[in-house]
>>> print(open('entry35.txt').read())   # compact mmCIF, C-alpha atoms
# COMPACT_ATOMS: atom_id res chain seq x y z
CA PRO Z 1 -44.51 -16.50 -8.78
CA GLY Z 2 -42.20 -14.75 -6.44
CA LEU Z 3 -42.65 -12.43 -3.51
CA LEU Z 4 -44.03 -8.91 -3.74
CA ILE Z 5 -42.74 -6.49 -1.09
CA ASP Z 6 -44.63 -3.40 0.04
CA LEU Z 7 -43.43 -2.44 3.50
CA GLU Z 8 -43.80 0.80 5.45
CA GLY Z 9 -43.01 1.14 9.13
CA GLU Z 10 -41.17 2.70 12.05
CA LEU Z 11 -38.43 1.40 14.31
CA ALA Z 12 -37.96 3.59 17.39
CA ASP Z 13 -37.57 7.08 15.87
CA PHE Z 14 -36.64 5.81 12.42
CA GLY Z 15 -38.88 5.43 9.40
CA LEU Z 16 -38.22 2.62 6.94
CA GLY Z 17 -39.70 1.03 3.89
CA ALA Z 18 -39.10 -1.41 1.03
CA HIS Z 19 -40.98 -1.90 -2.23
CA GLY Z 20 -40.34 -4.36 -5.03
CA ARG Z 21 -40.15 -8.03 -5.95
CA ILE Z 22 -38.08 -11.15 -5.23
CA GLU Z 23 -38.64 -13.74 -7.96
CA ARG Z 24 -36.91 -16.62 -6.16
CA PRO Z 25 -37.11 -15.83 -2.41
CA ALA Z 26 -35.66 -19.22 -1.34
CA VAL Z 27 -32.26 -18.39 -2.91
CA PRO Z 28 -32.79 -15.33 -2.81
CA ASP Z 29 -32.44 -14.23 -6.45
CA GLY Z 30 -34.26 -12.15 -9.00
CA ILE Z 31 -34.32 -9.25 -6.57
CA ASP Z 32 -35.44 -5.75 -7.50
CA VAL Z 33 -36.23 -3.75 -4.37
CA ALA Z 34 -36.29 -0.02 -3.62
CA PHE Z 35 -35.64 0.91 0.01
CA TYR Z 36 -35.41 3.90 2.30
CA LEU Z 37 -34.51 4.74 5.89
CA ASP Z 38 -34.84 8.12 7.60
CA GLY Z 39 -34.48 9.47 11.09
CA PRO Z 40 -33.91 12.52 13.28
CA SER Z 41 -30.26 11.78 14.19
CA MET Z 42 -27.37 10.60 12.05
CA ALA Z 43 -25.31 10.22 15.22
CA GLU Z 44 -27.87 7.86 16.75
CA ALA Z 45 -28.12 5.77 13.59
CA GLY Z 46 -24.33 5.49 13.39
CA ALA Z 47 -24.08 4.39 17.02
CA ILE Z 48 -26.53 1.53 16.36
CA VAL Z 49 -24.13 0.02 13.80
CA GLY Z 50 -20.99 0.87 15.79
CA LEU Z 51 -19.90 4.04 13.97
CA GLU Z 52 -19.14 7.10 16.08
CA GLY Z 53 -18.50 10.70 15.06
CA PHE Z 54 -21.55 11.52 12.94
CA LYS Z 55 -23.35 14.79 13.57
CA ASP Z 56 -26.67 14.93 15.36
CA VAL Z 57 -28.66 15.96 12.26
CA PRO Z 58 -31.67 14.47 10.43
CA PHE Z 59 -30.89 12.11 7.55
CA ASP Z 60 -32.42 9.85 4.93
CA VAL Z 61 -31.03 6.93 2.94
CA SER Z 62 -32.58 5.50 -0.23
CA GLY Z 63 -31.69 3.39 -3.22
CA THR Z 64 -32.50 0.30 -5.28
CA MET Z 65 -30.91 -3.12 -4.88
CA SER Z 66 -31.11 -5.85 -7.52
CA ARG Z 67 -29.70 -9.33 -8.00
CA GLN Z 68 -29.69 -11.48 -11.11
CA GLY Z 69 -27.62 -14.61 -10.60
CA SER Z 70 -24.16 -13.63 -9.36
CA VAL Z 71 -24.58 -9.94 -10.23
CA VAL Z 72 -25.66 -7.67 -7.37
CA LYS Z 73 -26.23 -3.96 -8.04
CA ILE Z 74 -26.97 -0.85 -6.00
CA THR Z 75 -28.40 1.94 -8.15
CA ASP Z 76 -29.23 5.53 -7.28
CA GLY Z 77 -28.12 5.07 -3.68
CA ARG Z 78 -28.42 8.33 -1.74
CA LEU Z 79 -27.57 9.56 1.72
CA ARG Z 80 -28.66 13.06 2.69
CA ALA Z 81 -27.70 14.66 6.00
CA ALA Z 82 -27.77 18.37 6.83
CA GLU Z 83 -26.43 20.10 3.68
CA GLY Z 84 -24.43 17.09 2.50
CA GLN Z 85 -25.37 14.38 0.05
CA VAL Z 86 -23.71 11.14 -1.06
CA ARG Z 87 -24.76 9.37 -4.26
CA LEU Z 88 -23.56 5.82 -4.88
CA SER Z 89 -24.01 3.18 -7.56
CA GLY Z 90 -22.11 -0.08 -7.47
CA VAL Z 91 -21.89 -3.68 -8.58
CA LEU Z 92 -20.68 -7.02 -7.20
CA PRO Z 93 -20.27 -9.12 -10.38
CA HIS Z 94 -19.42 -12.46 -8.73
CA PHE Z 95 -21.59 -12.57 -5.60
CA PRO Z 96 -21.19 -14.15 -3.03
CA ASP Z 97 -17.48 -13.52 -3.83
CA ILE Z 98 -16.93 -9.87 -2.82
CA ASP Z 99 -13.78 -9.28 -4.92
CA ASP Z 100 -13.75 -7.36 -8.20
CA TRP Z 101 -16.47 -4.93 -7.03
CA GLN Z 102 -16.75 -1.30 -8.06
CA ALA Z 103 -18.74 1.74 -6.99
CA ASP Z 104 -19.18 5.20 -8.51
CA LEU Z 105 -19.29 7.92 -5.88
CA GLU Z 106 -20.44 11.53 -5.91
CA ILE Z 107 -20.43 13.65 -2.77
CA THR Z 108 -21.57 17.24 -2.22
CA ARG Z 109 -20.82 19.30 0.90
CA LEU Z 110 -18.76 16.58 2.61
CA ASP Z 111 -17.43 17.57 6.06
CA THR Z 112 -14.00 15.92 6.14
CA SER Z 113 -13.69 16.25 9.92
CA VAL Z 114 -16.73 13.98 10.32
CA LEU Z 115 -15.25 11.53 7.80
CA GLY Z 116 -11.97 11.54 9.74
CA THR Z 117 -13.75 10.71 12.98
CA VAL Z 118 -15.65 7.86 11.36
CA LEU Z 119 -12.43 6.46 9.80
CA GLY Z 120 -10.54 6.68 13.09
CA THR Z 121 -8.41 9.75 12.18
CA PRO Z 122 -10.01 12.48 14.33
CA ASN Z 123 -7.24 15.02 13.63
CA MET Z 124 -8.24 15.33 9.96
CA PRO Z 125 -8.70 19.06 9.17
CA GLN Z 126 -12.17 20.35 8.41
CA LEU Z 127 -12.96 21.02 4.79
CA ILE Z 128 -16.42 21.34 3.30
CA CYS Z 129 -15.81 19.81 -0.09
CA ASP Z 130 -17.23 17.93 -3.06
CA ALA Z 131 -15.87 14.62 -4.33
CA ARG Z 132 -16.32 12.44 -7.37
CA GLY Z 133 -14.66 9.19 -8.30
CA ARG Z 134 -14.60 5.44 -8.16
CA LEU Z 135 -13.94 2.89 -5.44
CA PHE Z 136 -13.21 -0.63 -6.61
CA SER Z 137 -11.47 -3.92 -5.95
CA ASP Z 138 -9.33 -5.97 -8.29
CA VAL Z 139 -9.68 -9.73 -8.75
CA ASP Z 140 -7.20 -10.29 -5.90
CA GLY Z 141 -9.33 -8.33 -3.44
CA VAL Z 142 -7.08 -5.26 -3.28
CA GLU Z 143 -9.28 -2.22 -2.59
CA LEU Z 144 -8.48 0.71 -4.87
CA VAL Z 145 -9.54 4.33 -5.18
CA ASP Z 146 -9.60 6.88 -7.98
CA LEU Z 147 -11.01 10.04 -6.43
CA LYS Z 148 -10.98 13.81 -6.94
CA VAL Z 149 -11.87 16.04 -4.00
CA THR Z 150 -12.58 19.74 -4.53
CA ASP Z 151 -12.98 22.47 -1.92
CA GLY Z 152 -13.36 25.72 -3.81
CA ASP Z 153 -9.74 26.69 -4.47
CA VAL Z 154 -8.20 23.33 -3.43
CA ASP Z 155 -8.08 20.10 -5.49
CA LEU Z 156 -6.90 16.68 -4.27
CA VAL Z 157 -6.59 13.69 -6.60
CA LEU Z 158 -5.95 10.23 -5.11
CA ASP Z 159 -5.43 6.94 -6.89
CA GLY Z 160 -4.08 3.60 -5.69
CA SER Z 161 -4.71 1.12 -2.90
CA MET Z 162 -6.55 2.67 0.07
CA GLY Z 163 -5.84 -0.04 2.65
CA HIS Z 164 -8.15 -0.84 5.54
CA PRO Z 165 -9.34 1.83 8.02
CA PRO Z 166 -8.78 2.90 10.70
CA ASP Z 167 -5.00 2.25 10.34
CA PHE Z 168 -5.15 1.90 6.50
CA ALA Z 169 -2.80 -1.10 6.51
CA GLY Z 170 -1.50 -1.80 3.01
CA ALA Z 171 -2.34 1.64 1.64
CA HIS Z 172 -0.28 2.89 -1.31
CA LEU Z 173 -1.59 6.03 -2.94
CA LYS Z 174 -0.43 8.60 -5.44
CA ALA Z 175 -1.59 12.07 -4.42
CA ARG Z 176 -1.74 15.36 -6.30
CA PHE Z 177 -2.73 18.33 -4.17
CA SER Z 178 -3.00 21.89 -5.51
CA GLY Z 179 -4.58 25.16 -4.49
CA LYS Z 180 -4.43 28.93 -4.30
CA ASP Z 181 -3.55 29.24 -0.60
CA LEU Z 182 -0.60 27.44 1.03
CA THR Z 183 -2.06 28.09 4.50
CA ARG Z 184 -4.53 25.28 3.72
CA LEU Z 185 -1.59 22.91 4.37
CA GLN Z 186 -1.19 24.22 7.93
CA SER Z 187 -2.11 20.82 9.44
CA LEU Z 188 0.55 19.09 7.30
CA ILE Z 189 3.45 21.55 7.72
CA PRO Z 190 4.54 22.22 11.34
CA LEU Z 191 5.11 25.96 10.83
CA GLU Z 192 2.76 28.75 11.87
CA SER Z 193 3.80 31.28 9.25
CA LEU Z 194 2.78 30.05 5.80
CA PRO Z 195 2.08 32.52 2.98
CA ALA Z 196 -1.28 32.69 1.24
CA ALA Z 197 0.35 31.67 -2.05
CA PRO Z 198 -0.56 29.12 -4.75
CA PHE Z 199 0.97 25.66 -4.31
CA ARG Z 200 1.29 22.19 -5.79
CA LEU Z 201 2.10 19.11 -3.70
CA ASN Z 202 2.67 15.68 -5.28
CA GLY Z 203 3.88 12.42 -3.79
CA GLU Z 204 3.35 8.75 -3.06
CA LEU Z 205 1.89 7.79 0.29
CA SER Z 206 2.20 4.29 1.78
CA ARG Z 207 1.51 2.60 5.10
CA ASP Z 208 4.44 0.58 6.52
CA GLY Z 209 3.54 -1.07 9.82
CA GLU Z 210 2.92 1.74 12.34
CA ILE Z 211 4.27 4.55 10.16
CA TRP Z 212 3.46 6.40 6.96
CA ARG Z 213 6.07 6.92 4.26
CA ILE Z 214 6.02 9.68 1.65
CA GLY Z 215 8.11 9.09 -1.45
CA ASP Z 216 8.91 11.32 -4.42
CA GLY Z 217 7.37 14.29 -2.60
CA LEU Z 218 7.49 17.63 -4.37
CA LEU Z 219 6.10 20.88 -2.96
CA GLN Z 220 6.14 23.94 -5.21
CA SER Z 221 4.98 27.37 -4.12
CA LYS Z 222 5.88 31.00 -4.57
CA GLY Z 223 9.64 31.45 -4.39
CA PHE Z 224 10.76 27.86 -3.82
CA SER Z 225 10.61 24.18 -4.76
CA ILE Z 226 11.06 21.39 -2.19
CA ASP Z 227 11.58 17.69 -2.92
CA PHE Z 228 11.43 15.27 0.00
CA HIS Z 229 11.08 11.75 1.38
CA ALA Z 230 9.46 11.50 4.80
CA VAL Z 231 8.50 9.18 7.64
CA LEU Z 232 5.66 10.21 9.96
CA ASP Z 233 3.30 8.68 12.50
CA ARG Z 234 0.13 10.28 11.16
CA ILE Z 235 -0.79 12.39 8.16
CA PHE Z 236 -2.41 15.32 9.92
CA GLU Z 237 -0.66 17.17 12.75
CA PRO Z 238 2.12 14.56 13.01
CA ARG Z 239 3.93 14.06 16.32
CA ARG Z 240 6.79 12.20 14.64
CA LEU Z 241 8.19 13.60 11.41
CA GLU Z 242 11.58 12.92 9.84
CA PHE Z 243 12.55 13.68 6.27
CA ASP Z 244 15.33 14.19 3.77
CA VAL Z 245 14.79 17.34 1.78
CA GLY Z 246 16.15 19.43 -1.06
CA ILE Z 247 15.25 23.13 -1.39
CA VAL Z 248 15.74 25.25 -4.49
CA SER Z 249 14.94 28.95 -4.83
CA ASP Z 250 15.80 31.38 -7.60
CA ASP Z 251 15.93 34.18 -5.00
CA LEU Z 252 16.05 33.24 -1.32
CA PRO Z 253 15.30 36.73 0.12
CA VAL Z 254 12.16 37.00 -2.02
CA ALA Z 255 10.99 33.60 -0.77
CA LEU Z 256 11.74 34.54 2.86
CA ARG Z 257 9.71 37.74 2.55
CA GLU Z 258 6.69 35.56 1.72
CA TYR Z 259 7.12 34.09 5.21
CA GLY Z 260 7.35 37.48 6.86
CA VAL Z 261 11.18 37.47 7.11
CA ALA Z 262 12.37 40.88 5.87
CA VAL Z 263 15.69 40.58 4.01
CA GLU Z 264 16.47 43.47 1.68
CA THR Z 265 18.75 42.82 -1.29
CA ILE Z 266 19.73 44.59 -4.48
CA ALA Z 267 20.37 41.41 -6.48
CA PRO Z 268 18.96 37.85 -6.50
CA VAL Z 269 20.44 35.26 -4.14
CA PRO Z 270 19.76 31.76 -5.53
CA LEU Z 271 19.62 28.80 -3.13
CA ALA Z 272 20.25 25.06 -3.62
CA LEU Z 273 20.37 23.10 -0.38
CA ARG Z 274 19.97 19.51 0.79
CA GLY Z 275 19.72 18.11 4.27
CA SER Z 276 17.67 16.26 6.86
CA ALA Z 277 15.02 17.51 9.26
CA LYS Z 278 13.19 16.18 12.29
CA LEU Z 279 10.19 17.51 14.19
CA VAL Z 280 11.20 18.42 17.75
CA GLU Z 281 9.70 20.53 20.49
CA GLY Z 282 9.90 24.10 19.24
CA GLY Z 283 10.15 23.48 15.51
CA LEU Z 284 12.18 21.57 12.92
CA GLU Z 285 15.69 20.42 13.73
CA LEU Z 286 17.89 20.74 10.64
CA SER Z 287 21.01 18.62 10.13
CA GLU Z 288 23.58 17.68 7.48
CA LEU Z 289 22.80 20.80 5.47
CA ARG Z 290 24.94 21.15 2.34
CA GLY Z 291 24.63 23.24 -0.79
CA SER Z 292 25.09 26.74 -2.10
CA ILE Z 293 23.71 30.20 -1.47
CA GLY Z 294 24.60 32.43 -4.36
CA ALA Z 295 28.24 31.67 -5.24
CA VAL Z 296 29.02 30.42 -1.74
CA ASP Z 297 29.34 26.76 -0.72
CA VAL Z 298 27.67 26.22 2.65
CA SER Z 299 27.13 23.50 5.26
CA GLY Z 300 25.57 23.58 8.68
CA HIS Z 301 22.75 22.67 11.06
CA GLY Z 302 20.10 24.51 13.02
CA LEU Z 303 16.51 24.86 14.21
CA LEU Z 304 13.65 26.31 12.18
CA SER Z 305 11.34 27.74 14.82
CA GLY Z 306 7.66 26.90 14.78
CA ALA Z 307 6.79 30.42 15.98
CA ASP Z 308 4.42 32.51 13.91
CA ASP Z 309 7.21 34.81 12.64
CA LEU Z 310 10.00 32.18 12.77
CA ALA Z 311 11.51 34.07 15.72
CA GLY Z 312 14.01 31.96 17.63
CA SER Z 313 15.27 30.14 14.53
CA THR Z 314 18.99 29.36 14.80
CA ILE Z 315 21.62 28.12 12.40
CA THR Z 316 25.30 27.29 12.49
CA VAL Z 317 26.92 27.93 9.13
CA ASN Z 318 30.26 27.14 7.55
CA ALA Z 319 30.85 28.85 4.23
CA ARG Z 320 33.64 29.18 1.74
CA GLY Z 321 34.20 30.60 -1.70
CA GLU Z 322 36.67 32.12 -4.10
CA GLU Z 323 35.17 35.63 -4.29
CA PHE Z 324 34.32 37.33 -0.97
CA GLY Z 325 32.84 40.25 -2.87
CA GLU Z 326 30.09 37.93 -4.13
CA VAL Z 327 28.96 37.28 -0.55
CA LEU Z 328 28.01 40.90 0.18
CA GLY Z 329 27.35 41.93 -3.41
CA PRO Z 330 23.56 41.29 -3.27
CA PHE Z 331 23.29 43.40 -0.10
CA VAL Z 332 25.50 46.48 -0.66
CA GLU Z 333 26.49 48.68 -3.58
CA ALA Z 334 30.29 48.63 -3.34
CA ASP Z 335 33.34 47.44 -5.21
CA LEU Z 336 34.44 44.65 -2.89
CA PRO Z 337 37.67 42.67 -3.13
CA GLY Z 338 37.56 39.33 -4.86
CA GLN Z 339 39.49 37.20 -2.39
CA PRO Z 340 39.05 33.58 -1.29
CA PHE Z 341 37.39 33.23 2.09
CA ASP Z 342 36.36 30.75 4.77
CA LEU Z 343 33.98 31.66 7.58
CA ALA Z 344 31.89 30.14 10.36
CA LEU Z 345 29.10 31.69 12.43
CA ASP Z 346 26.12 31.06 14.67
CA ALA Z 347 23.01 33.11 13.79
CA THR Z 348 19.70 33.64 15.58
CA TYR Z 349 16.63 35.32 14.09
CA HIS Z 350 14.89 37.64 16.59
CA ALA Z 351 12.22 39.10 14.23
CA PRO Z 352 13.16 41.41 12.62
CA LEU Z 353 16.80 41.42 13.78
CA VAL Z 354 19.44 38.77 13.20
CA SER Z 355 22.24 38.33 15.72
CA ILE Z 356 25.49 36.72 14.58
CA ASP Z 357 27.61 35.20 17.32
CA ARG Z 358 31.08 33.70 17.24
CA LEU Z 359 31.83 34.97 13.76
CA ARG Z 360 35.19 33.68 12.56
CA ALA Z 361 36.36 34.61 9.08
CA HIS Z 362 39.49 34.26 6.98
CA ILE Z 363 39.43 36.58 3.97
CA GLY Z 364 42.57 36.44 1.92
CA ALA Z 365 45.39 37.05 4.41
CA ASN Z 366 43.06 38.68 6.95
CA THR Z 367 41.37 37.12 9.98
CA LEU Z 368 38.20 38.52 11.58
CA SER Z 369 36.14 37.53 14.60
CA GLY Z 370 33.35 39.02 16.69
CA ASP Z 371 29.60 39.38 17.17
CA LEU Z 372 27.13 41.65 15.38
CA THR Z 373 23.44 42.38 14.90
CA LEU Z 374 21.80 43.02 11.55
>>> encode(input="entry35.txt", output="structure tokens")
Amino acid sequence: PGLLIDLEGELADFGLGAHGRIERPAVPDGIDVAFYLDGPSMAEAGAIVGLEGFKDVPFDVSGTMSRQGSVVKITDGRLRAAEGQVRLSGVLPHFPDIDDWQADLEITRLDTSVLGTVLGTPNMPQLICDARGRLFSDVDGVELVDLKVTDGDVDLVLDGSMGHPPDFAGAHLKARFSGKDLTRLQSLIPLESLPAAPFRLNGELSRDGEIWRIGDGLLQSKGFSIDFHAVLDRIFEPRRLEFDVGIVSDDLPVALREYGVAVETIAPVPLALRGSAKLVEGGLELSELRGSIGAVDVSGHGLLSGADDLAGSTITVNARGEEFGEVLGPFVEADLPGQPFDLALDATYHAPLVSIDRLRAHIGANTLSGDLTL
């Protein structure tokens, strides 16, 4: 009893075939069928089913599908295209109900820019990477992901609800991103001058209507640690970006030198600063800055230039402290007076010079004002 299947054929430029058995074809049930499809153009095959963005390269798809009662399985599913390969095995345990499914995924040589185009996010940066993990749905139909992506010296681990592409409505993911070269985050950080230094980036990513939210963000790299909460319109190359941020550095001049900003000191200058930032034309607008640099309490606002060498960055600073000697101590070898002080200034970085305009300072009983270039 049952139906034996032994099909080989062509459809336009595509080859296809199926081999196996269906025990109860009227249902259908008792299915055990191996299948394949190949063709000269992945792009053409994608267009037939309404998916754009695939490369114009030869491909082949194969696998085995089985059904016994309510359990539907795909085993040894494979897609090969150019140098890339996707392997997939999955199960629907309560078919025709499509909830509570799961699939094990293994990808080699994935081109993320192609994936981004297919998912409706064409500005996704190009990485040629490998991935391994699990896609699944809980009993309530919430689609989840537990995935590790590796690109040589970069690792990305994602777990949580992935939402529905292309806008990923309902997504809520925990992300852990680490690597040996911070410049790999160039599409996420709107600054041209990033050091080739190791980094770790953790956070929670969620979709809220038309915007993305990042919570409990923490970026650690050479010389600094940044915690942040952010709102942005898209993950890669955002046009809207607003965030609250805290920056800590054990030695600010050392950290700045990693970004090509030459500041020579003879002693460490620790930094602890909080504030808000917003992406504007020309860089990051900084506001409500408060904290300490060395032994000095500071507040201010400014613009962190998006130029390659940070040239054009400006800041307005108000500072006060009990020991003026501690302000210049890291920069000069001198016995300076320990007097209370209060100063305000506007500074502009011209790479490599810094101009200070409208300097106004009260040091002990003395008052100073003027402009200077360092």
>>> residues_around(input="entry35.txt", residues="Z:Gln102", least_positions_apart="3", cutoff="10 Å", atoms="all atoms listed in the file", output="count of residues only")
16
>>> atom_distance(input="entry35.txt", atom1="atom CA of Z:Ser225", atom2="atom CA of Z:Gly321")
24.6 Å
>>> atom_distance(input="entry35.txt", atom1="atom CA of Z:Ser299", atom2="atom CA of Z:Val317")
5.9 Å
>>> closest_residue(input="entry35.txt", among="Z:Leu252, Z:Met162, Z:Leu79, Z:Ile5", to="Z:Leu271", atoms="all atoms listed in the file")
Z:Leu252
>>> closest_residue(input="entry35.txt", among="Z:Ala82, Z:Leu232, Z:Val72, Z:Leu158", to="Z:Glu204", atoms="all atoms listed in the file")
Z:Leu158
>>> atom_distance(input="entry35.txt", atom1="atom CA of Z:Asp56", atom2="atom CA of Z:Ser41")
4.9 Å
>>> residues_around(input="entry35.txt", residues="stretch 15-22 of chain Z", least_positions_apart="2", cutoff="8 Å", atoms="all atoms listed in the file", output="PyMOL selection string")
chain Z and resi 2-11+13+24-25+28-39
